[in-house]
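The data block below is structure.csv; it holds CSV, C-alpha atoms and all ligand atoms.
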```csv
chain,number,residue,atom,x,y,z
A,1,MET,CA,38.8,0.9,-12.5
A,2,HIS,CA,35.4,0.3,-10.9
A,3,HIS,CA,35.4,-0.5,-7.2
A,4,LEU,CA,32.5,-3.0,-6.8
A,5,LYS,CA,34.3,-5.4,-4.4
A,6,ASN,CA,32.6,-4.1,-1.3
A,7,MET,CA,29.1,-4.9,-2.6
A,8,ASP,CA,27.5,-8.0,-1.2
A,9,TYR,CA,27.1,-10.8,-3.8
A,10,SER,CA,23.3,-11.1,-3.8
A,11,CYS,CA,23.1,-7.4,-4.2
A,12,PHE,CA,25.7,-7.5,-6.9
A,13,ALA,CA,23.7,-10.1,-8.8
A,14,THR,CA,20.6,-7.9,-8.7
A,15,PHE,CA,22.7,-4.9,-9.7
A,16,GLN,CA,24.1,-6.8,-12.7
A,17,LEU,CA,20.6,-7.9,-13.8
A,18,ARG,CA,19.3,-4.4,-13.5
A,19,LEU,CA,22.2,-3.1,-15.6
A,20,TRP,CA,21.5,-5.8,-18.2
A,21,VAL,CA,17.7,-4.9,-18.2
A,22,ILE,CA,18.2,-1.2,-18.6
A,23,GLY,CA,21.0,-1.8,-21.2
A,24,ALA,CA,18.7,-3.9,-23.2
A,25,GLU,CA,15.9,-1.4,-22.9
A,26,ALA,CA,17.9,1.7,-23.6
A,27,VAL,CA,20.7,0.9,-26.0
A,28,ASP,CA,20.2,0.4,-29.7
A,29,ASP,CA,21.7,-2.5,-31.7
A,30,GLU,CA,24.7,-0.6,-33.1
A,31,SER,CA,26.2,0.8,-29.9
A,32,GLU,CA,27.8,-1.4,-27.2
A,33,PRO,CA,26.8,0.0,-23.8
A,34,THR,CA,29.7,1.2,-21.6
A,35,LEU,CA,29.6,0.7,-17.8
A,36,GLU,CA,29.6,4.5,-17.4
A,37,SER,CA,26.5,4.8,-19.7
A,38,LEU,CA,24.7,2.1,-17.8
A,39,LEU,CA,25.5,3.6,-14.4
A,40,GLN,CA,24.3,6.9,-15.6
A,41,LEU,CA,21.0,5.3,-16.8
A,42,LEU,CA,20.7,3.5,-13.5
A,43,SER,CA,21.2,6.6,-11.4
A,44,GLU,CA,18.6,8.5,-13.7
A,45,GLN,CA,16.1,5.7,-13.0
A,46,ALA,CA,16.8,5.7,-9.3
A,47,MET,CA,16.2,9.5,-9.3
A,48,GLN,CA,12.8,9.0,-10.9
A,49,SER,CA,11.8,6.3,-8.4
A,50,ARG,CA,9.9,7.4,-5.3
A,51,HIS,CA,11.6,4.7,-3.2
A,52,ARG,CA,15.3,3.8,-2.5
A,53,THR,CA,17.1,0.5,-2.0
A,54,ASP,CA,17.4,1.2,1.7
A,55,HIS,CA,13.5,1.4,2.0
A,56,ILE,CA,13.4,-2.1,0.6
A,57,GLN,CA,16.0,-3.4,3.0
A,58,GLN,CA,14.3,-1.7,5.9
A,59,TRP,CA,10.9,-3.2,5.0
A,60,ARG,CA,12.5,-6.7,4.7
A,61,GLN,CA,14.5,-6.4,7.9
A,62,GLU,CA,12.3,-4.3,10.2
A,63,GLY,CA,8.9,-4.9,8.7
A,64,PHE,CA,8.1,-1.2,8.3
A,65,THR,CA,9.4,1.6,6.1
A,66,ILE,CA,7.9,5.1,6.0
A,67,ILE,CA,8.4,7.5,3.1
A,68,PRO,CA,7.3,11.1,3.7
A,69,LYS,CA,6.2,13.0,0.5
A,70,PHE,CA,5.8,9.9,-1.5
A,71,PHE,CA,2.7,11.7,-3.0
A,72,SER,CA,2.9,15.4,-3.8
A,73,ALA,CA,0.5,18.0,-2.5
A,74,ALA,CA,-0.7,18.5,-6.1
A,75,GLU,CA,-1.5,14.8,-6.5
A,76,LEU,CA,-3.4,14.7,-3.2
A,77,GLU,CA,-5.4,17.9,-3.6
A,78,PRO,CA,-8.3,16.4,-5.6
A,79,ILE,CA,-8.3,13.3,-3.4
A,80,PHE,CA,-8.5,15.4,-0.2
A,81,LYS,CA,-11.5,17.2,-1.7
A,82,ASP,CA,-13.1,13.8,-2.5
A,83,PHE,CA,-12.7,12.7,1.1
A,84,GLU,CA,-14.3,16.0,2.3
A,85,ASN,CA,-17.2,15.4,-0.1
A,86,LEU,CA,-17.6,11.7,0.9
A,87,TYR,CA,-17.0,12.0,4.6
A,88,GLY,CA,-16.9,15.6,5.8
A,89,HIS,CA,-20.6,15.7,6.7
A,90,LEU,CA,-20.1,12.6,8.9
A,91,ALA,CA,-18.0,14.5,11.5
A,92,PRO,CA,-19.5,14.5,15.0
A,93,ASP,CA,-21.2,17.7,16.0
A,94,PRO,CA,-18.9,20.2,17.8
A,95,GLU,CA,-20.2,19.3,21.2
A,96,ALA,CA,-19.3,15.6,20.6
A,97,ALA,CA,-16.0,16.1,18.9
A,98,TYR,CA,-13.9,15.5,22.0
A,99,GLU,CA,-11.6,12.6,22.8
A,100,LEU,CA,-13.6,9.6,23.6
A,101,ASP,CA,-11.8,7.3,26.0
A,102,LYS,CA,-13.7,4.1,26.8
A,103,LYS,CA,-10.8,2.1,28.2
A,104,PRO,CA,-10.4,0.9,31.8
A,105,LEU,CA,-7.6,2.9,33.4
A,106,GLY,CA,-4.1,1.7,32.3
A,107,SER,CA,-5.3,-0.6,29.5
A,108,VAL,CA,-4.1,-0.3,25.9
A,109,GLY,CA,-7.4,-0.6,24.1
A,110,LYS,CA,-8.9,-3.1,21.8
A,111,ILE,CA,-10.3,-3.6,18.3
A,112,HIS,CA,-14.1,-3.0,18.0
A,113,HIS,CA,-16.5,-2.3,15.2
A,114,LYS,CA,-17.0,1.4,15.9
A,115,GLN,CA,-13.4,2.0,14.7
A,116,PHE,CA,-14.3,0.8,11.2
A,117,GLN,CA,-16.9,3.3,10.2
A,118,ASN,CA,-16.5,5.5,7.1
A,119,ILE,CA,-14.7,2.9,5.0
A,120,ASP,CA,-15.4,2.3,1.3
A,121,SER,CA,-13.6,0.1,-1.2
A,122,LEU,CA,-12.4,0.6,-4.8
A,123,PRO,CA,-13.9,1.8,-7.2
A,124,TYR,CA,-14.9,5.1,-5.5
A,125,ASP,CA,-17.7,7.5,-6.3
A,126,ALA,CA,-15.1,10.1,-6.7
A,127,SER,CA,-12.5,11.6,-9.1
A,128,THR,CA,-10.4,9.6,-11.5
A,129,GLU,CA,-7.3,10.7,-9.4
A,130,MET,CA,-8.8,9.0,-6.3
A,131,ASN,CA,-9.7,5.9,-8.3
A,132,LEU,CA,-6.2,5.6,-9.7
A,133,LEU,CA,-4.3,6.4,-6.5
A,134,SER,CA,-4.0,2.8,-5.3
A,135,LEU,CA,-2.9,1.8,-8.8
A,136,HIS,CA,-0.3,4.6,-9.1
A,137,PRO,CA,2.7,3.4,-11.1
A,138,ALA,CA,5.1,4.4,-8.3
A,139,LEU,CA,3.1,2.2,-5.8
A,140,ILE,CA,3.1,-0.7,-8.3
A,141,GLU,CA,6.9,-0.3,-8.8
A,142,PHE,CA,7.5,-0.2,-5.1
A,143,ALA,CA,5.3,-3.2,-4.3
A,144,SER,CA,7.1,-5.2,-7.0
A,145,ALA,CA,10.5,-4.2,-5.6
A,146,LEU,CA,9.5,-5.0,-2.0
A,147,LEU,CA,8.1,-8.5,-2.9
A,148,GLY,CA,10.9,-9.1,-5.5
A,149,VAL,CA,8.5,-10.0,-8.3
A,150,ASP,CA,7.8,-8.7,-11.8
A,151,SER,CA,4.0,-8.8,-11.6
A,152,VAL,CA,1.8,-7.7,-8.7
A,153,HIS,CA,-1.9,-7.8,-7.9
A,154,LEU,CA,-3.9,-5.2,-6.0
A,155,TYR,CA,-5.9,-7.2,-3.4
A,156,GLN,CA,-7.1,-4.4,-1.1
A,157,SER,CA,-8.0,-0.8,-1.5
A,158,HIS,CA,-10.1,1.1,0.9
A,159,THR,CA,-10.7,4.6,2.4
A,160,TRP,CA,-10.8,5.3,6.1
A,161,ALA,CA,-12.0,8.5,7.7
A,162,LYS,CA,-11.6,8.8,11.5
A,163,PHE,CA,-13.0,11.6,13.6
A,164,THR,CA,-12.3,12.6,17.2
A,165,GLY,CA,-15.2,11.6,19.4
A,166,GLU,CA,-16.7,9.0,16.9
A,167,ALA,CA,-14.9,6.1,18.5
A,168,ASP,CA,-12.1,5.3,20.9
A,169,TYR,CA,-9.5,4.2,18.2
A,170,ASP,CA,-6.9,2.8,20.7
A,171,GLN,CA,-6.1,-0.8,19.8
A,172,ALA,CA,-3.8,-3.5,21.3
A,173,HIS,CA,-0.7,-4.5,19.2
A,174,HIS,CA,-1.7,-7.1,16.6
A,175,CYS,CA,-0.8,-8.4,13.1
A,176,ASP,CA,-3.3,-8.2,10.3
A,177,PHE,CA,-2.9,-11.7,8.8
A,178,GLY,CA,-6.1,-13.0,10.4
A,179,ASN,CA,-8.4,-11.5,7.6
A,180,HIS,CA,-5.8,-11.6,4.8
A,181,THR,CA,-5.0,-15.3,4.7
A,182,LEU,CA,-6.4,-18.6,5.9
A,183,THR,CA,-2.9,-19.7,6.7
A,184,VAL,CA,-0.1,-17.7,8.3
A,185,PRO,CA,2.3,-15.1,6.8
A,186,ALA,CA,5.0,-16.6,4.6
A,187,ASP,CA,8.8,-16.5,5.1
A,188,CYS,CA,9.9,-15.7,1.5
A,189,PRO,CA,9.3,-12.2,0.3
A,190,GLU,CA,7.5,-13.2,-2.9
A,191,GLN,CA,4.8,-15.0,-1.0
A,192,ARG,CA,4.2,-12.2,1.4
A,193,SER,CA,2.1,-9.1,0.8
A,194,VAL,CA,2.7,-5.4,1.3
A,195,ASP,CA,0.2,-3.2,3.1
A,196,PHE,CA,0.5,0.5,2.3
A,197,ILE,CA,-1.2,3.3,4.3
A,198,VAL,CA,-1.4,6.5,2.3
A,199,TYR,CA,-1.9,9.7,4.3
A,200,ILE,CA,-4.4,11.9,2.5
A,201,SER,CA,-4.4,14.4,5.5
A,202,ASP,CA,-1.7,15.0,8.1
A,203,VAL,CA,-1.5,12.2,10.6
A,204,THR,CA,0.0,13.5,13.8
A,205,ASP,CA,0.1,11.8,17.2
A,206,ASP,CA,-3.0,13.7,18.3
A,207,LEU,CA,-4.7,12.6,15.1
A,208,GLY,CA,-4.4,8.9,15.7
A,209,ALA,CA,-1.0,8.0,14.1
A,210,LEU,CA,-0.4,4.3,13.9
A,211,HIS,CA,2.1,2.9,16.4
A,212,TYR,CA,4.4,0.0,15.4
A,213,VAL,CA,7.0,-2.4,16.7
A,214,THR,CA,10.0,-3.3,14.4
A,215,LYS,CA,10.4,-7.0,13.7
A,216,PRO,CA,13.7,-7.4,15.6
A,217,HIS,CA,12.0,-5.9,18.7
A,218,SER,CA,8.8,-8.1,18.4
A,219,ASP,CA,11.1,-11.2,17.8
A,220,GLN,CA,13.0,-10.4,20.9
A,221,ILE,CA,10.0,-9.7,23.1
A,222,LEU,CA,7.8,-12.6,21.9
A,223,SER,CA,9.7,-15.2,19.9
A,224,LYS,CA,11.3,-15.3,16.4
A,225,GLY,CA,8.6,-14.9,13.8
A,226,ALA,CA,5.7,-14.6,16.3
A,227,VAL,CA,2.5,-13.1,14.9
A,228,THR,CA,0.3,-13.1,17.9
A,229,ALA,CA,0.7,-11.3,21.3
A,230,SER,CA,-1.2,-11.9,24.5
A,231,GLU,CA,-2.6,-9.1,26.8
A,232,ALA,CA,0.4,-9.7,29.1
A,233,ASP,CA,2.8,-8.9,26.2
A,234,GLN,CA,1.3,-5.5,25.4
A,235,THR,CA,3.2,-3.5,28.0
A,236,ALA,CA,6.6,-4.7,26.7
A,237,LEU,CA,5.5,-4.1,23.0
A,238,LYS,CA,4.2,-0.6,23.9
A,239,ALA,CA,7.5,0.2,25.6
A,240,VAL,CA,9.4,-0.1,22.3
A,241,GLU,CA,6.7,1.1,19.9
A,242,GLN,CA,7.4,3.9,17.5
A,243,SER,CA,5.0,6.4,15.9
A,244,ALA,CA,4.3,6.5,12.2
A,245,ALA,CA,3.2,10.2,12.4
A,246,GLY,CA,3.7,12.1,9.2
A,247,PRO,CA,2.4,14.8,6.9
A,248,ALA,CA,-0.1,14.3,4.1
A,249,GLY,CA,1.6,12.4,1.2
A,250,THR,CA,3.4,10.0,3.6
A,251,LEU,CA,3.4,6.4,2.6
A,252,VAL,CA,3.7,3.7,5.3
A,253,ALA,CA,4.7,0.2,4.1
A,254,HIS,CA,4.3,-2.8,6.3
A,255,SER,CA,2.8,-6.3,6.1
A,256,ILE,CA,0.4,-8.7,7.6
A,257,ASP,CA,3.1,-10.0,10.0
A,258,THR,CA,4.0,-6.7,11.6
A,259,PHE,CA,2.9,-5.6,15.1
A,260,HIS,CA,1.1,-2.3,15.1
A,261,ARG,CA,-2.0,-0.6,16.6
A,262,GLY,CA,-4.4,2.2,15.9
A,263,THR,CA,-4.3,5.0,18.4
A,264,ASN,CA,-6.9,7.4,19.5
A,265,LEU,CA,-7.7,10.8,18.0
A,266,THR,CA,-7.4,13.3,20.9
A,267,ARG,CA,-7.4,16.7,19.1
A,268,THR,CA,-10.7,18.5,19.5
A,269,ALA,CA,-12.6,18.3,16.2
A,270,GLY,CA,-9.8,16.3,14.6
A,271,ARG,CA,-10.1,14.2,11.5
A,272,ARG,CA,-7.8,11.7,9.8
A,273,PHE,CA,-8.1,10.7,6.1
A,274,THR,CA,-6.1,7.7,4.9
A,275,MET,CA,-6.3,4.9,2.3
A,276,THR,CA,-5.3,1.3,2.9
A,277,VAL,CA,-3.8,-0.4,-0.2
A,278,GLY,CA,-2.6,-4.1,-0.3
A,279,TYR,CA,-0.4,-5.8,-3.0
A,280,LYS,CA,0.7,-9.4,-3.4
A,281,ALA,CA,2.5,-11.2,-6.2
A,282,ALA,CA,0.2,-12.0,-9.1
A,283,GLY,CA,-1.1,-15.6,-8.7
A,284,ASN,CA,-0.5,-15.8,-4.9
A,285,ASP,CA,-3.7,-17.5,-3.8
A,286,LEU,CA,-2.7,-17.5,-0.2
A,287,ILE,CA,-3.7,-13.9,0.2
A,288,GLY,CA,-7.0,-12.1,-0.3
A,289,PHE,CA,-9.2,-9.3,1.0
A,290,HIS,CA,-11.4,-7.5,-1.6
A,291,THR,CA,-12.9,-9.4,-4.5
A,292,TRP,CA,-13.2,-6.8,-7.3
A,293,GLN,CA,-15.5,-9.0,-9.5
A,294,SER,CA,-18.3,-9.2,-6.9
A,295,ARG,CA,-19.4,-5.6,-7.2
A,296,PRO,CA,-20.0,-4.9,-10.9
A,297,GLU,CA,-22.6,-2.2,-10.0
A,298,ARG,CA,-19.8,0.1,-8.7
A,299,PRO,CA,-18.4,2.9,-10.9
A,300,TRP,CA,-15.8,0.7,-12.7
A,301,GLU,CA,-16.0,2.9,-15.8
A,302,LYS,CA,-14.0,5.5,-13.9
A,303,ILE,CA,-11.1,3.1,-13.8
A,304,PHE,CA,-11.6,1.5,-17.2
A,305,SER,CA,-11.7,4.8,-19.0
A,306,ALA,CA,-8.4,6.0,-17.5
A,307,ALA,CA,-6.2,3.1,-16.4
A,308,SER,CA,-3.2,1.7,-18.4
A,309,PRO,CA,-2.9,-2.0,-19.3
A,310,THR,CA,-0.3,-2.4,-16.5
A,311,GLN,CA,-2.7,-0.8,-13.9
A,312,LEU,CA,-5.6,-3.0,-15.1
A,313,ALA,CA,-3.4,-6.1,-14.9
A,314,CYS,CA,-3.1,-5.4,-11.2
A,315,LEU,CA,-6.9,-6.0,-11.0
A,316,GLY,CA,-6.5,-9.4,-12.8
A,317,ILE,CA,-7.3,-8.1,-16.4
A,318,PRO,CA,-5.0,-9.8,-18.9
A,319,GLU,CA,-2.5,-7.6,-20.7
A,320,PRO,CA,-2.6,-7.0,-24.5
A,321,GLY,CA,-1.2,-10.1,-26.2
A,322,SER,CA,-2.7,-12.6,-23.7
A,323,ALA,CA,-4.4,-15.6,-25.2
A,324,TYR,CA,-7.5,-14.5,-23.3
A,325,TRP,CA,-8.1,-11.7,-25.9
A,326,THR,CA,-9.9,-12.9,-29.0
A,327,GLU,CA,-12.4,-11.1,-31.4
A,328,ARG,CA,-15.2,-12.5,-29.3
A,329,THR,CA,-13.9,-11.5,-25.8
A,330,LEU,CA,-12.9,-8.0,-27.1
A,331,ALA,CA,-16.4,-7.4,-28.6
A,332,LEU,CA,-18.2,-8.5,-25.5
A,333,THR,CA,-16.0,-6.6,-23.2
A,334,GLN,CA,-16.4,-3.4,-25.3
A,335,ALA,CA,-20.2,-3.9,-25.1
A,336,ARG,CA,-20.0,-4.3,-21.4
A,337,TRP,CA,-17.8,-1.3,-20.7
A,338,PRO,CA,-18.3,1.2,-23.6
A,339,SER,CA,-15.9,3.9,-22.3
A,340,TRP,CA,-12.9,1.5,-22.1
A,341,ASP,CA,-10.5,2.2,-25.0
A,342,LEU,CA,-9.5,-1.3,-26.0
A,343,SER,CA,-7.2,-0.3,-28.8
A,344,PRO,CA,-3.9,-1.6,-27.2
A,345,TRP,CA,-5.6,-5.0,-26.7
A,346,ARG,CA,-7.0,-5.0,-30.2
A,347,ALA,CA,-3.6,-4.0,-31.7
A,348,ALA,CA,-2.0,-6.9,-30.0
A,349,LEU,CA,-4.4,-9.6,-31.4
B,1,LIG,O1,-5.3,2.9,10.9
B,1,LIG,C1,-4.4,2.7,11.7
B,1,LIG,O2,-3.7,3.6,12.1
B,1,LIG,C2,-4.2,1.4,12.2
B,1,LIG,C3,-5.4,0.5,12.3
B,1,LIG,C4,-5.1,-0.9,12.5
B,1,LIG,O3,-4.0,-1.2,12.9
B,1,LIG,C5,-6.1,-1.9,12.2
B,1,LIG,O4,-7.3,-1.7,12.3
B,1,LIG,O5,-5.6,-3.1,11.9
```

Can you dump the structure from the file as structure tokens?
Amino acid sequence: MHHLKNMDYSCFATFQLRLWVIGAEAVDDESEPTLESLLQLLSEQAMQSRHRTDHIQQWRQEGFTIIPKFFSAAELEPIFKDFENLYGHLAPDPEAAYELDKKPLGSVGKIHHKQFQNIDSLPYDASTEMNLLSLHPALIEFASALLGVDSVHLYQSHTWAKFTGEADYDQAHHCDFGNHTLTVPADCPEQRSVDFIVYISDVTDDLGALHYVTKPHSDQILSKGAVTASEADQTALKAVEQSAAGPAGTLVAHSIDTFHRGTNLTRTAGRRFTMTVGYKAAGNDLIGFHTWQSRPERPWEKIFSAASPTQLACLGIPEPGSAYWTERTLALTQARWPSWDLSPWRAAL
């Protein structure tokens, strides 16, 4: 007897669908899958996932979920080296590498251009590992699960290196929707977007950890669904803010409707390396940030020579079997990007 009666019904429907999908994927024609075999497969799949169901619930209810060790030390090692190569030489001289506090006494800080130095967007002049990090299968899977859709699009990927003394990084609480949509954040999950922050180095409180306010708290302080806050609201938001501090490998997931703020780096000679990665449902024209097509001179071959069809689909490239692919489009694409192995696309013609 299987005790499923305590499960809520929407959750149960998803659970049934998932069982059906893995049953169809994993069981051959001759054998009828048992509930036990499907549960076993489900738990094996859950063990391979880097996120859990409660992370999805927390993101949907609170706006934020944080997963330490989402990426392993081995995965991050080449990427940390890339950041050192790309940005290490930009650190302020030792005599200038002290906390820079430009704020009037008692104020929370504000967004200004000096905070946004040392940012570059995909594709990177760096290792294949760094180029593929924002297209990591575990991130694609997590973004799809958070948004509740089958197919997602990478719409933002950039680096960010912050150094103590280079700027005063303290900001006021804000939501990011202003430069991700011309409208306002949607209500239903599939029309929203997910913003990931990947910690390439440790991000402690003295190294500028992001501070955030959960949705229930901002709804209570401002009004339900509010996405803007006045100067007068800042004290109340700050009183309930939490720190997203975490070790290298931590993944922070939030969205364009969540209140958060950058904080200052106060550790002498401190530095903070992170990547910002945004996903939306494929075909969601409400949301945008980077336009991959506008920079063909960038090192795209690094991505084409190593990414899977699923990863490339996140950049808008049709999967094998799409009507887009013909003898002509394949030949011209191959001439344009010689290192791209197009055999899966050719095989599906
Ligand atoms: O990088 C961070 O910790 C937060 C920065 C931020 O909130 C922003 O610039 O929108």

Hey, could you make a per-residue contact list for chain A against ligand LIG 1 (chain B) with 6 Å as the cut-off, showing the nearest pair of atoms and its distance in Å to one decimal, counting only C-alpha atoms and all ligand atoms, sorted by chain and number, as a Markdown table?
```
| residue | atom | partner | partner_atom | distance |
| --- | --- | --- | --- | --- |
| A:Asp176 | CA | B:LIG1 | O5 | 5.8 |
| A:Ala209 | CA | B:LIG1 | O2 | 5.5 |
| A:Leu210 | CA | B:LIG1 | O2 | 3.8 |
| A:His260 | CA | B:LIG1 | O3 | 5.7 |
| A:Arg261 | CA | B:LIG1 | O3 | 4.2 |
| A:Gly262 | CA | B:LIG1 | C2 | 3.8 |
```

(request) Extract, using only C-alpha atoms, all DNA, RNA and protein residues at most 7 Å from segment 182-189 of chain A, discarding same-chain residues fewer than 6 positions from it, and format them as a PyMOL selection string. (result) chain A and resi 147-148+256-257

(request) Could you jot down the atom CA of Glu190 of chain A to atom CA of Leu135 of chain A separation for me, Å, one decimal place? (result)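 About the pair atom CA of Glu190 of chain A and atom CA of Leu135 of chain A: they are 19.2 Å apart.
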
Using only C-alpha atoms, what does the table of segment 205-253 of chain A residues within 12 Å of segment 76-84 of chain A look like, with each row giving the shortest atom pair and its distance in Å to one decimal, sorted by chain and ascending number, as a tab-separated table?
```
residue	atom	partner	partner_atom	distance
A:Pro247	CA	A:Leu76	CA	11.6
A:Ala248	CA	A:Leu76	CA	8.0
A:Gly249	CA	A:Leu76	CA	7.0
A:Thr250	CA	A:Leu76	CA	10.7
```

(request) Find the spatial neighbours of Gln234 of chain A, counting only C-alpha atoms, within a cut-off of 12 Å - ignore same-chain residues fewer than 2 positions away - and output them as an NGL selection string. (result) :A and (106-110 or 171-174 or 212-213 or 218 or 221-222 or 228-232 or 236-241 or 259-261)

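Distances here use all atoms listed in the file; by that measure, the residue among A:Ala96, A:Ala253, A:Leu330, A:Leu133 closest to Leu146 of chain A is A:Ala253.
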
(request) Might you pull out every residue within 12 Å of Ile317 of chain A, with only C-alpha atoms counted and same-chain residues fewer than 3 positions away left off, and present them as a list in words? (result)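 Counting only C-alpha atoms, the residues come to Val152, His153, Leu154, Ala282, Trp292, Gln293, Phe304, Ala307, Ser308, Pro309, Thr310, Gln311, Leu312, Ala313, Cys314, Pro320, Gly321, Ser322, Ala323, Tyr324, Trp325, Thr329, Thr333, Leu342 and Trp345 of chain A.
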
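We find atom CA of Leu332 of chain A and atom CA of Gly316 of chain A to be spaced 17.3 Å apart.
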
(message) Give me, as number ranges by chain, all polymer residues having an atom no more than 10 Å from Ile56 of chain A, counting all atoms listed in the file and skipping those fewer than 3 positions away in the same chain.
(response) A: 51-53, 59-65, 142-143, 145-148, 253

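With atom CA of Leu286 of chain A on one side and atom CA of Ile140 of chain A on the other, the separation reads 19.5 Å.
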
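Distances from A:Ser49, A:Thr263, A:Thr274, A:Ser151 to Met130 of chain A were compared using only C-alpha atoms, and the smallest one belongs to A:Thr274.
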
(request) Determine the nearest neighbour of Gly246 of chain A from the options A:Gly208, A:Pro216, A:Pro318, A:Gly270, counting only C-alpha atoms. (result) A:Gly208

How would segment 59-72 of chain A read, as a short mmCIF file (atom, residue, chain, number, x, y, z; two decimals), keeping the file's coordinate frame, once N, CA and C atoms are built in?
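Saved file out-v1.cif follows:
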```
data_model
loop_
_atom_site.label_atom_id
_atom_site.label_comp_id
_atom_site.auth_asym_id
_atom_site.auth_seq_id
_atom_site.Cartn_x
_atom_site.Cartn_y
_atom_site.Cartn_z
N TRP A 59 12.22 -2.48 4.99
CA TRP A 59 10.90 -3.20 5.00
C TRP A 59 11.20 -4.70 5.26
N ARG A 60 12.21 -5.24 4.59
CA ARG A 60 12.50 -6.70 4.70
C ARG A 60 13.04 -7.02 6.10
N GLN A 61 13.86 -6.11 6.65
CA GLN A 61 14.50 -6.40 7.90
C GLN A 61 13.65 -6.01 9.14
N GLU A 62 13.01 -4.83 9.03
CA GLU A 62 12.30 -4.30 10.20
C GLU A 62 10.79 -4.43 10.09
N GLY A 63 10.29 -4.73 8.89
CA GLY A 63 8.90 -4.90 8.70
C GLY A 63 8.13 -3.62 8.34
N PHE A 64 8.74 -2.48 8.62
CA PHE A 64 8.10 -1.20 8.30
C PHE A 64 9.10 -0.29 7.59
N THR A 65 8.60 0.48 6.63
CA THR A 65 9.40 1.60 6.10
C THR A 65 8.40 2.74 5.82
N ILE A 66 8.84 3.95 6.08
CA ILE A 66 7.90 5.10 6.00
C ILE A 66 8.59 6.14 5.06
N ILE A 67 7.87 6.57 4.03
CA ILE A 67 8.40 7.50 3.10
C ILE A 67 7.57 8.80 3.08
N PRO A 68 8.07 9.89 3.71
CA PRO A 68 7.30 11.10 3.70
C PRO A 68 7.33 11.66 2.21
N LYS A 69 6.34 12.41 1.82
CA LYS A 69 6.20 13.00 0.50
C LYS A 69 6.27 12.02 -0.65
N PHE A 70 5.83 10.81 -0.43
CA PHE A 70 5.80 9.90 -1.50
C PHE A 70 4.79 10.40 -2.60
N PHE A 71 3.68 10.99 -2.11
CA PHE A 71 2.70 11.70 -3.00
C PHE A 71 2.84 13.16 -2.79
N SER A 72 2.76 13.92 -3.90
CA SER A 72 2.90 15.40 -3.80
C SER A 72 1.59 16.02 -3.37
#
```
